[in-house]
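Heads up, my_file03.cif below (mmCIF, C-alpha atoms and all ligand atoms):
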```cif
data_structure
loop_
_atom_site.label_atom_id
_atom_site.label_comp_id
_atom_site.auth_asym_id
_atom_site.auth_seq_id
_atom_site.Cartn_x
_atom_site.Cartn_y
_atom_site.Cartn_z
CA LEU A 19 26.38 19.43 5.28
CA ALA A 20 22.95 18.39 4.01
CA HIS A 21 20.19 20.69 5.18
CA THR A 22 16.44 20.12 5.45
CA ALA A 23 13.79 22.46 6.84
CA VAL A 24 10.81 20.68 8.36
CA PRO A 25 7.90 23.14 8.42
CA ILE A 26 5.75 23.59 11.53
CA ASP A 27 2.17 24.80 11.21
CA ALA A 28 2.61 28.12 13.05
CA GLU A 29 3.90 31.59 12.24
CA GLY A 30 6.49 33.89 13.74
CA PRO A 31 5.99 37.55 14.74
CA GLN A 32 6.47 38.76 11.13
CA GLN A 33 4.10 36.11 9.75
CA GLU A 34 7.21 34.23 8.69
CA PRO A 35 6.92 30.46 8.26
CA LEU A 36 8.59 28.42 10.98
CA SER A 37 10.57 25.21 10.69
CA ILE A 38 12.77 22.79 12.53
CA ASP A 39 16.09 22.77 10.70
CA VAL A 40 18.06 19.59 10.32
CA ALA A 41 21.69 19.49 9.21
CA VAL A 42 23.48 16.20 8.60
CA ALA A 43 27.14 15.48 7.92
CA GLY A 44 28.59 12.07 7.26
CA GLY A 45 28.64 9.30 4.74
CA ASP A 46 25.96 6.83 3.74
CA GLN A 47 24.91 4.11 6.14
CA PRO A 48 26.60 5.30 9.31
CA SER A 49 26.80 2.90 12.24
CA SER A 50 26.97 5.63 14.88
CA ALA A 51 25.58 9.14 15.22
CA ILE A 52 26.03 12.25 17.32
CA VAL A 53 22.80 14.18 17.71
CA VAL A 54 22.89 17.74 19.02
CA SER A 55 19.53 19.43 19.52
CA SER A 56 18.43 22.88 20.59
CA GLY A 57 15.32 24.87 21.36
CA LEU A 58 13.01 22.15 22.66
CA HIS A 59 12.04 24.86 25.14
CA GLY A 60 11.77 27.72 22.64
CA VAL A 61 13.46 30.67 24.30
CA GLU A 62 16.27 28.46 25.65
CA GLY A 63 17.23 27.86 22.02
CA PHE A 64 19.32 31.03 21.86
CA PHE A 65 21.96 29.13 23.79
CA GLY A 66 21.72 25.66 22.20
CA SER A 67 21.71 27.24 18.79
CA ALA A 68 24.87 29.21 19.69
CA VAL A 69 26.60 25.94 20.61
CA GLN A 70 25.57 24.35 17.30
CA LEU A 71 26.80 27.34 15.29
CA ALA A 72 30.05 27.61 17.23
CA PHE A 73 30.70 23.92 16.67
CA LEU A 74 30.23 24.30 12.92
CA GLU A 75 32.34 27.44 12.83
CA CYS A 76 35.32 25.90 14.57
CA LEU A 77 35.52 23.02 12.12
CA PRO A 78 37.79 23.32 9.10
CA SER A 79 35.77 23.44 5.87
CA SER A 80 37.20 20.08 4.83
CA TRP A 81 35.97 18.42 8.05
CA ARG A 82 34.02 15.19 7.79
CA PRO A 83 32.83 13.10 10.70
CA PRO A 84 35.03 10.04 11.37
CA ALA A 85 34.26 7.09 9.10
CA GLY A 86 30.98 5.39 9.90
CA MET A 87 29.70 8.32 11.95
CA ALA A 88 26.99 10.85 11.20
CA LEU A 89 26.61 14.24 12.81
CA ILE A 90 22.96 15.34 13.10
CA LEU A 91 22.08 18.84 14.23
CA LEU A 92 18.43 19.49 15.14
CA HIS A 93 17.93 23.23 15.32
CA ALA A 94 14.94 24.77 17.13
CA LEU A 95 12.76 21.81 18.05
CA ASN A 96 10.19 24.39 19.20
CA PRO A 97 10.54 27.08 16.53
CA PHE A 98 7.38 28.82 17.69
CA GLY A 99 8.65 29.38 21.23
CA PHE A 100 12.03 30.39 19.85
CA ALA A 101 10.53 33.01 17.54
CA TRP A 102 8.08 34.37 20.14
CA ARG A 103 10.46 34.14 23.12
CA ARG A 104 8.27 31.64 24.90
CA ARG A 105 9.30 28.41 26.58
CA PHE A 106 6.18 26.65 25.35
CA ASN A 107 4.88 25.84 21.89
CA GLU A 108 1.90 27.19 19.92
CA ASP A 109 -0.50 25.26 22.21
CA ASN A 110 1.22 26.34 25.44
CA VAL A 111 2.74 22.86 25.60
CA ASP A 112 6.02 22.08 27.32
CA LEU A 113 7.51 19.80 24.68
CA ASN A 114 9.76 18.01 27.14
CA ARG A 115 6.62 16.66 28.86
CA ASN A 116 4.82 15.84 25.62
CA PHE A 117 6.70 12.74 24.40
CA LEU A 118 4.61 10.12 26.16
CA LEU A 119 5.45 6.46 25.76
CA PRO A 120 2.99 3.97 24.29
CA GLY A 121 0.26 3.29 26.85
CA GLU A 122 0.74 6.56 28.78
CA ARG A 123 -2.16 8.99 28.89
CA TYR A 124 -2.27 12.75 28.42
CA SER A 125 -3.94 13.34 31.77
CA GLY A 126 -3.07 13.73 35.43
CA SER A 127 -1.05 16.18 37.48
CA PRO A 128 0.81 16.27 40.82
CA PRO A 129 -1.52 16.60 43.84
CA LEU A 130 -0.69 20.25 44.57
CA CYS A 131 -0.65 21.40 40.95
CA ASP A 132 -3.94 23.28 41.01
CA ALA A 133 -3.20 24.88 44.40
CA PHE A 134 0.10 26.20 43.02
CA ARG A 135 -1.56 27.33 39.82
CA GLN A 136 -4.19 29.36 41.65
CA ALA A 137 -1.80 30.84 44.19
CA MET A 138 0.97 31.73 41.74
CA MET A 139 -1.23 33.14 39.00
CA PRO A 140 -4.38 34.59 40.55
CA ARG A 141 -7.12 35.27 38.01
CA GLY A 142 -10.08 37.61 37.89
CA ARG A 143 -10.34 41.15 36.64
CA GLY A 144 -9.50 44.02 38.91
CA ARG A 145 -8.40 41.66 41.61
CA ARG A 146 -5.38 42.91 43.49
CA VAL A 147 -2.50 40.52 43.05
CA ALA A 148 -0.19 40.03 46.02
CA PRO A 149 3.51 40.62 45.26
CA TRP A 150 5.40 37.63 43.93
CA SER A 151 7.44 37.12 47.11
CA ALA A 152 4.26 37.03 49.20
CA ARG A 153 2.65 34.48 46.89
CA ILE A 154 5.74 32.25 47.13
CA ALA A 155 6.14 32.68 50.89
CA GLN A 156 2.55 31.67 51.47
CA LEU A 157 2.94 28.50 49.40
CA ALA A 158 6.22 27.65 51.14
CA LEU A 159 4.69 28.11 54.58
CA ARG A 160 1.71 26.00 53.78
CA HIS A 161 3.36 23.17 51.85
CA GLY A 162 7.11 23.36 52.49
CA MET A 163 9.85 24.12 49.96
CA LYS A 164 10.11 20.52 48.84
CA ALA A 165 6.59 20.79 47.44
CA PHE A 166 7.85 23.19 44.73
CA TRP A 167 10.17 20.56 43.28
CA GLU A 168 7.57 17.84 43.55
CA THR A 169 4.94 19.94 41.84
CA LEU A 170 6.23 22.43 39.27
CA PRO A 171 8.90 20.76 37.12
CA VAL A 172 7.14 17.39 37.16
CA GLY A 173 4.70 18.55 34.48
CA GLN A 174 0.94 18.27 34.27
CA TYR A 175 -1.74 17.27 31.75
CA ASP A 176 -4.86 18.90 33.22
CA PHE A 177 -4.41 22.70 32.92
CA PRO A 178 -3.68 23.99 29.42
CA ASP A 179 -3.47 27.54 30.80
CA TRP A 180 -0.70 26.77 33.29
CA LEU A 181 3.04 26.10 33.25
CA PHE A 182 4.66 22.77 32.36
CA PHE A 183 1.54 21.58 30.51
CA GLY A 184 2.36 18.35 28.66
CA GLY A 185 -0.46 18.69 26.12
CA HIS A 186 -3.40 16.54 25.20
CA ALA A 187 -1.92 14.99 22.06
CA PRO A 188 1.47 14.48 20.40
CA SER A 189 2.97 17.77 19.17
CA ALA A 190 3.94 18.84 15.66
CA ALA A 191 7.59 18.58 16.72
CA GLY A 192 7.00 14.95 17.68
CA SER A 193 5.42 14.12 14.33
CA ALA A 194 8.26 15.90 12.55
CA LEU A 195 10.87 13.80 14.39
CA GLU A 196 8.80 10.74 13.65
CA ARG A 197 8.95 11.57 9.96
CA PHE A 198 12.65 12.23 9.40
CA LEU A 199 14.63 10.56 12.19
CA PRO A 200 13.99 6.91 11.26
CA ARG A 201 15.51 7.56 7.84
CA LEU A 202 18.60 9.23 9.33
CA LEU A 203 19.15 6.58 11.97
CA GLU A 204 18.57 3.54 9.79
CA GLY A 205 21.24 0.95 10.61
CA VAL A 206 22.76 3.15 13.34
CA ARG A 207 23.70 1.19 16.45
CA ASP A 208 25.19 3.84 18.72
CA VAL A 209 23.76 7.28 19.32
CA VAL A 210 25.02 9.95 21.67
CA HIS A 211 22.44 12.73 21.89
CA LEU A 212 22.99 16.02 23.71
CA ASP A 213 19.85 18.12 24.08
CA PHE A 214 20.78 21.64 25.18
CA HIS A 215 18.72 23.44 27.82
CA THR A 216 19.14 26.36 30.21
CA GLY A 217 17.55 27.75 33.36
CA LEU A 218 18.22 25.10 35.99
CA GLY A 219 21.30 24.75 38.19
CA ARG A 220 24.23 26.91 39.23
CA TRP A 221 25.24 29.98 37.24
CA SER A 222 26.88 28.93 33.92
CA ARG A 223 27.54 25.38 35.18
CA CYS A 224 26.40 22.39 33.18
CA GLU A 225 24.85 19.20 34.43
CA LEU A 226 23.98 16.23 32.29
CA LEU A 227 20.54 15.13 33.42
CA LEU A 228 19.58 11.53 32.78
CA SER A 229 15.98 10.41 32.72
CA ASP A 230 14.25 7.94 35.01
CA ALA A 231 14.07 5.45 32.20
CA VAL A 232 17.83 4.94 31.71
CA GLY A 233 19.26 1.82 33.26
CA ALA A 234 22.32 1.57 35.49
CA THR A 235 24.50 0.66 32.49
CA HIS A 236 23.70 3.86 30.68
CA SER A 237 24.20 6.05 33.68
CA ALA A 238 27.57 4.36 34.38
CA TRP A 239 28.51 5.08 30.77
CA TRP A 240 27.73 8.79 31.13
CA ARG A 241 29.59 9.01 34.43
CA SER A 242 32.70 7.31 33.12
CA HIS A 243 32.88 9.43 29.97
CA PHE A 244 31.82 12.84 31.24
CA GLY A 245 32.78 12.68 34.92
CA ALA A 246 30.51 11.64 37.78
CA ARG A 247 30.18 15.13 39.17
CA HIS A 248 28.72 16.44 35.92
CA VAL A 249 26.06 13.76 35.69
CA ARG A 250 22.84 14.02 37.66
CA GLU A 251 20.99 10.84 38.38
CA PRO A 252 17.25 10.55 37.90
CA ARG A 253 14.96 11.04 40.90
CA ALA A 254 17.47 13.35 42.60
CA GLN A 255 15.84 16.00 40.41
CA THR A 256 12.22 15.91 41.47
CA GLY A 257 12.06 13.82 44.59
CA SER A 258 9.85 10.80 44.31
CA TYR A 259 7.68 11.93 41.41
CA GLN A 260 8.36 10.57 38.00
CA VAL A 261 8.56 13.03 35.15
CA ARG A 262 6.75 11.80 32.06
CA GLY A 263 6.93 12.84 28.45
CA GLY A 264 10.66 13.54 28.15
CA LEU A 265 12.24 13.47 24.69
CA GLY A 266 15.05 11.09 25.74
CA PRO A 267 13.00 8.06 26.86
CA TRP A 268 10.75 8.48 23.82
CA LEU A 269 13.70 8.33 21.43
CA ALA A 270 15.22 5.36 23.24
CA ALA A 271 11.89 3.53 22.94
CA ARG A 272 11.46 4.58 19.31
CA PHE A 273 14.87 3.14 18.33
CA PRO A 274 15.16 -0.08 20.34
CA ALA A 275 17.87 -1.54 18.08
CA CYS A 276 20.14 1.37 19.05
CA ARG A 277 22.17 2.09 22.13
CA TYR A 278 20.45 5.46 22.35
CA ARG A 279 22.35 7.51 24.92
CA PHE A 280 20.49 10.70 25.63
CA ALA A 281 21.30 13.44 28.12
CA THR A 282 19.79 16.82 28.78
CA ALA A 283 22.73 19.24 28.91
CA GLU A 284 21.27 21.73 31.38
CA PHE A 285 23.02 25.05 32.07
CA GLY A 286 22.25 27.07 35.19
CA THR A 287 21.28 30.73 35.03
CA TYR A 288 19.44 32.57 37.83
CA SER A 289 17.74 31.29 40.97
CA PRO A 290 14.72 29.01 40.55
CA SER A 291 12.52 31.73 42.05
CA ARG A 292 13.61 34.28 39.45
CA VAL A 293 13.26 31.81 36.58
CA VAL A 294 9.79 30.68 37.64
CA ARG A 295 8.71 34.26 38.23
CA ALA A 296 9.78 35.17 34.71
CA LEU A 297 7.73 32.22 33.40
CA VAL A 298 4.63 33.16 35.39
CA ASP A 299 4.87 36.85 34.38
CA GLU A 300 5.19 35.87 30.74
CA LEU A 301 2.26 33.48 31.00
CA ARG A 302 0.12 36.26 32.51
CA LEU A 303 1.13 38.58 29.68
CA HIS A 304 0.40 35.87 27.13
CA THR A 305 -3.03 35.28 28.67
CA ALA A 306 -3.75 39.02 28.59
CA ILE A 307 -2.49 40.10 25.15
CA GLY A 308 -1.93 36.84 23.27
CA LEU A 309 0.48 36.73 20.39
CA ARG A 310 1.66 40.30 20.20
CA GLU A 311 4.79 42.19 21.20
CA PRO A 312 7.56 39.59 21.21
CA ASP A 313 9.77 42.47 22.39
CA HIS A 314 7.62 43.28 25.42
CA PRO A 315 9.81 43.87 28.54
CA VAL A 316 8.22 40.84 30.20
CA ARG A 317 9.32 38.62 27.30
CA ARG A 318 12.76 40.23 27.36
CA ARG A 319 13.01 39.34 31.03
CA LEU A 320 12.10 35.77 30.19
CA ALA A 321 14.85 35.61 27.57
CA GLU A 322 17.29 37.06 30.11
CA ALA A 323 16.24 34.48 32.73
CA PHE A 324 17.14 31.65 30.36
CA VAL A 325 20.04 33.12 28.38
CA PRO A 326 21.71 35.90 30.38
CA ARG A 327 23.41 38.74 28.54
CA ASN A 328 26.29 38.57 30.99
CA ARG A 329 29.55 38.05 29.04
CA GLN A 330 31.14 35.71 31.56
CA TRP A 331 28.03 33.52 31.54
CA ARG A 332 28.02 33.34 27.77
CA ALA A 333 31.74 32.65 27.45
CA ALA A 334 31.79 29.96 30.14
CA ALA A 335 28.60 28.21 29.04
CA LEU A 336 29.60 28.24 25.37
CA THR A 337 33.06 26.81 26.13
CA THR A 338 31.53 23.98 28.17
CA GLY A 339 28.83 23.30 25.58
CA LEU A 340 31.38 23.09 22.77
CA SER A 341 33.66 20.77 24.67
CA LEU A 342 30.74 18.43 25.38
CA VAL A 343 30.05 18.08 21.67
CA HIS A 344 33.73 17.48 20.89
CA GLN A 345 33.89 14.91 23.68
CA ALA A 346 30.89 13.08 22.25
CA VAL A 347 32.55 12.93 18.81
CA ASP A 348 35.77 11.61 20.37
CA ILE A 349 33.93 8.92 22.31
CA LEU A 350 32.18 7.53 19.24
CA ARG A 351 35.41 7.79 17.25
CA GLN A 352 36.64 4.73 19.16
CA PRO A 353 34.26 2.02 17.96
CA ALA A 354 35.93 -0.71 20.03
CA GLU A 355 35.04 1.14 23.20
CA ALA A 356 31.38 1.34 22.34
CA GLU A 357 31.31 -2.43 21.91
CA LEU A 358 32.61 -3.00 25.42
CA VAL A 359 29.44 -1.72 27.02
CA PRO A 360 26.62 -4.21 26.49
CA ALA A 361 23.33 -2.89 25.21
CA MET A 362 20.73 -2.17 27.84
CA ALA A 363 18.43 -5.14 28.38
ZN ZN B 401 14.64 23.37 29.02
#
```
Represent the supplied structure as structure tokens.
Amino acid sequence: LAHTAVPIDAEGPQQEPLSIDVAVAGGDQPSSAIVVSSGLHGVEGFFGSAVQLAFLECLPSSWRPPAGMALILLHALNPFGFAWRRRFNEDNVDLNRNFLLPGERYSGSPPLCDAFRQAMMPRGRGRRVAPWSARIAQLALRHGMKAFWETLPVGQYDFPDWLFFGGHAPSAAGSALERFLPRLLEGVRDVVHLDFHTGLGRWSRCELLLSDAVGATHSAWWRSHFGARHVREPRAQTGSYQVRGGLGPWLAARFPACRYRFATAEFGTYSPSRVVRALVDELRLHTAIGLREPDHPVRRRLAEAFVPRNRQWRAAALTTGLSLVHQAVDILRQPAEAELVPAMA
């Protein structure tokens, strides 16, 4: 396993340097690659990283990827958030909204974004803050429950102090990928990329989320290999609003000569209300005290919201995560099969 650490210009709680770690197995000039990534959303990385480690641990020491295949592990794509137990990076940026395509602009937000921002995180010193449930109930009464899905997870580019902020420029993680991925994927024609996430969906269950940008051919491919009920189609996720800045579409556009098959492997934890509350509470703490106390109870609750301590959750999620990676390796092991599916036009 060849290992490279790609430094990020930010420090951890003990002033330690931070890096994205890249491990590669496989011979020279592979024609296909499995990519497994973790920690794009910082604190969620405790789980994705566990899947990566478990995968390496269960392999015999003599293991090599099948001929012509490379295995690429991207560990902690947001090392800052991972180290500080935040979902966002050093600039409060949600990295999975930051990978804009050529021609897209770092501006704009859903129509109700600012209303949600002000209602969910009231500002001003000494002002009495209504309990969380009251804040949510008021928004739901005024705008309807559907408005939450059409507003929050969509991302926004106007409020750097709020959740799901996509940034105003490409992130350090993006430039890092830009630097080392082209070398690793030179000559590669088929990629299967699993990007591990947590915090959305049913307890310990996994869904493979595909982006808006994938064509019908790609989504048929995912359904036939991983089972239709595990694959969630685009649009079903956020209603009619298109999410921008996802890592998957950016990679597919960056490597047009490749059949770049990317899915977000998303594992459910607690209810959306609990997860969003944990995010808002942590953002309020972050606004108040800045970069101190990574062990603060509020940050612990955030870690719990995304990677529960519950043993059953951990065992079930890890088993599913591992089998996804093994499945991906098995799929690419059969080169003839990959050829059957024409490249996306
Ligand atoms: Zn995530």
Got a sec: who's within 9 Å of range 96-101 of chain A, counting all atoms listed in the file, leaving out chain neighbours fewer than 3 positions off, as a PyMOL selection string?
-> chain A and resi 26+28-31+36-38+56-64+93+104-108+113+191+312
Save the residues we just selected, C-alpha atoms, as an mmCIF file, in the frame of the given file?
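File produced: result-v2.cif:
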```
data_model
loop_
_atom_site.group_PDB
_atom_site.id
_atom_site.type_symbol
_atom_site.label_atom_id
_atom_site.label_comp_id
_atom_site.auth_asym_id
_atom_site.auth_seq_id
_atom_site.Cartn_x
_atom_site.Cartn_y
_atom_site.Cartn_z
ATOM 1 C CA ILE A 26 5.750 23.590 11.530
ATOM 2 C CA ALA A 28 2.610 28.120 13.050
ATOM 3 C CA GLU A 29 3.900 31.590 12.240
ATOM 4 C CA GLY A 30 6.490 33.890 13.740
ATOM 5 C CA PRO A 31 5.990 37.550 14.740
ATOM 6 C CA LEU A 36 8.590 28.420 10.980
ATOM 7 C CA SER A 37 10.570 25.210 10.690
ATOM 8 C CA ILE A 38 12.770 22.790 12.530
ATOM 9 C CA SER A 56 18.430 22.880 20.590
ATOM 10 C CA GLY A 57 15.320 24.870 21.360
ATOM 11 C CA LEU A 58 13.010 22.150 22.660
ATOM 12 C CA HIS A 59 12.040 24.860 25.140
ATOM 13 C CA GLY A 60 11.770 27.720 22.640
ATOM 14 C CA VAL A 61 13.460 30.670 24.300
ATOM 15 C CA GLU A 62 16.270 28.460 25.650
ATOM 16 C CA GLY A 63 17.230 27.860 22.020
ATOM 17 C CA PHE A 64 19.320 31.030 21.860
ATOM 18 C CA HIS A 93 17.930 23.230 15.320
ATOM 19 C CA ARG A 104 8.270 31.640 24.900
ATOM 20 C CA ARG A 105 9.300 28.410 26.580
ATOM 21 C CA PHE A 106 6.180 26.650 25.350
ATOM 22 C CA ASN A 107 4.880 25.840 21.890
ATOM 23 C CA GLU A 108 1.900 27.190 19.920
ATOM 24 C CA LEU A 113 7.510 19.800 24.680
ATOM 25 C CA ALA A 191 7.590 18.580 16.720
ATOM 26 C CA PRO A 312 7.560 39.590 21.210
#
```
Nearest to ligand ZN 401 (chain B) by atom-to-atom distance, counting all atoms listed in the file, from A:His314, A:Arg115, A:Arg329, A:His161 = A:Arg115
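The shortest atom-to-atom distance to Pro188 in chain A, with all atoms listed in the file taken into account, belongs to A:Glu122 out of A:Glu204, A:Arg223, A:Glu122, A:Trp167.
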The distance between CA of Asn328 in chain A and CA of Ser222 in chain A is 10.1 Å
Counting all atoms listed in the file, write as a list in words all protein and nucleic acid residues lying at most 9 Å from (-0.2, 25.8, 27.4) in the file's frame.
-> Phe106, Asn107, Glu108, Asp109, Asn110, Val111, Asp112, Phe177, Pro178, Asp179, Trp180, Leu181, Phe182, Phe183, Gly184, Gly185 and Leu301 of chain A
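Proximity to Arg207 in chain A was assessed for A:Leu119, A:Ala51, A:Leu91, A:Met139 counting only C-alpha atoms; the smallest distance is recorded for A:Ala51.
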Rounded to one decimal in Å, what is the spacing between CA of Leu303 in chain A and CA of Gly286 in chain A?
-> 24.7 Å
Which residues come within 10 Å of range 80-82 of chain A, counting only C-alpha atoms, excluding same-chain residues fewer than 4 positions away, as a list of chain:residue names?
->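 Answer for this query is A:Leu19, A:Ala43, A:Gly44, A:Gly45, A:Leu74, A:Cys76, A:Met87, A:Ala88, A:Leu89.
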Length of the CA of Phe285 in chain A to CA of Phe214 in chain A vector [Å] = 8.0 Å
Tell me which of A:Ser127, A:Arg247, A:Ser242, A:Phe65 sits closest to ligand ZN 401 (chain B), counting all atoms listed in the file.
-> A:Phe65
Give as a list in words each residue that has an atom at most 7 Å from (22.9, 5.1, 9.5) in the file, counting all atoms listed in the file.
->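 Those residues lying close to the given coordinates are Asp46, Gln47, Pro48, Ser49, Ser50, Leu202, Leu203, Glu204, Gly205 and Val206 of chain A.
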Would you kindly return, as number ranges by chain, each protein, DNA or RNA residue with an atom no farther than 10 Å from any atom of Ala133 in chain A, considering all atoms listed in the file and excluding same-chain residues fewer than 5 positions away?
-> A: 138, 157, 169
Quick one: of A:Arg332, A:Arg197, A:Arg153, A:His215, who's nearest to ligand ZN 401 (chain B), counting only C-alpha atoms and all ligand atoms?
->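 Distance minimum relative to ligand ZN 401 (chain B) lands on A:His215.
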Which residue out of A:Ala306, A:Gly126, A:Ala94, A:Asp313 has the minimum interatomic distance to ligand ZN 401 (chain B) when all atoms listed in the file are used?
-> A:Ala94
Mind checking which residues fall within 10 Å of Thr337 in chain A, counting all atoms listed in the file, ignoring those fewer than 6 positions away in the same chain, and posting them as a list in words?
->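 So, after excluding close chain neighbours, the residues are Val69, Ala72 and Trp331 of chain A.
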With 4 Å added on each side, what axis-aligned box encloses every listed atom of range 177-186 of chain A? Give the centre and edge lengths in Å to one decimal, as lines of an AutoDock Vina configuration file.
```
center_x = 0.1
center_y = 22.0
center_z = 29.2
size_x = 17.1
size_y = 19.0
size_z = 16.1
```
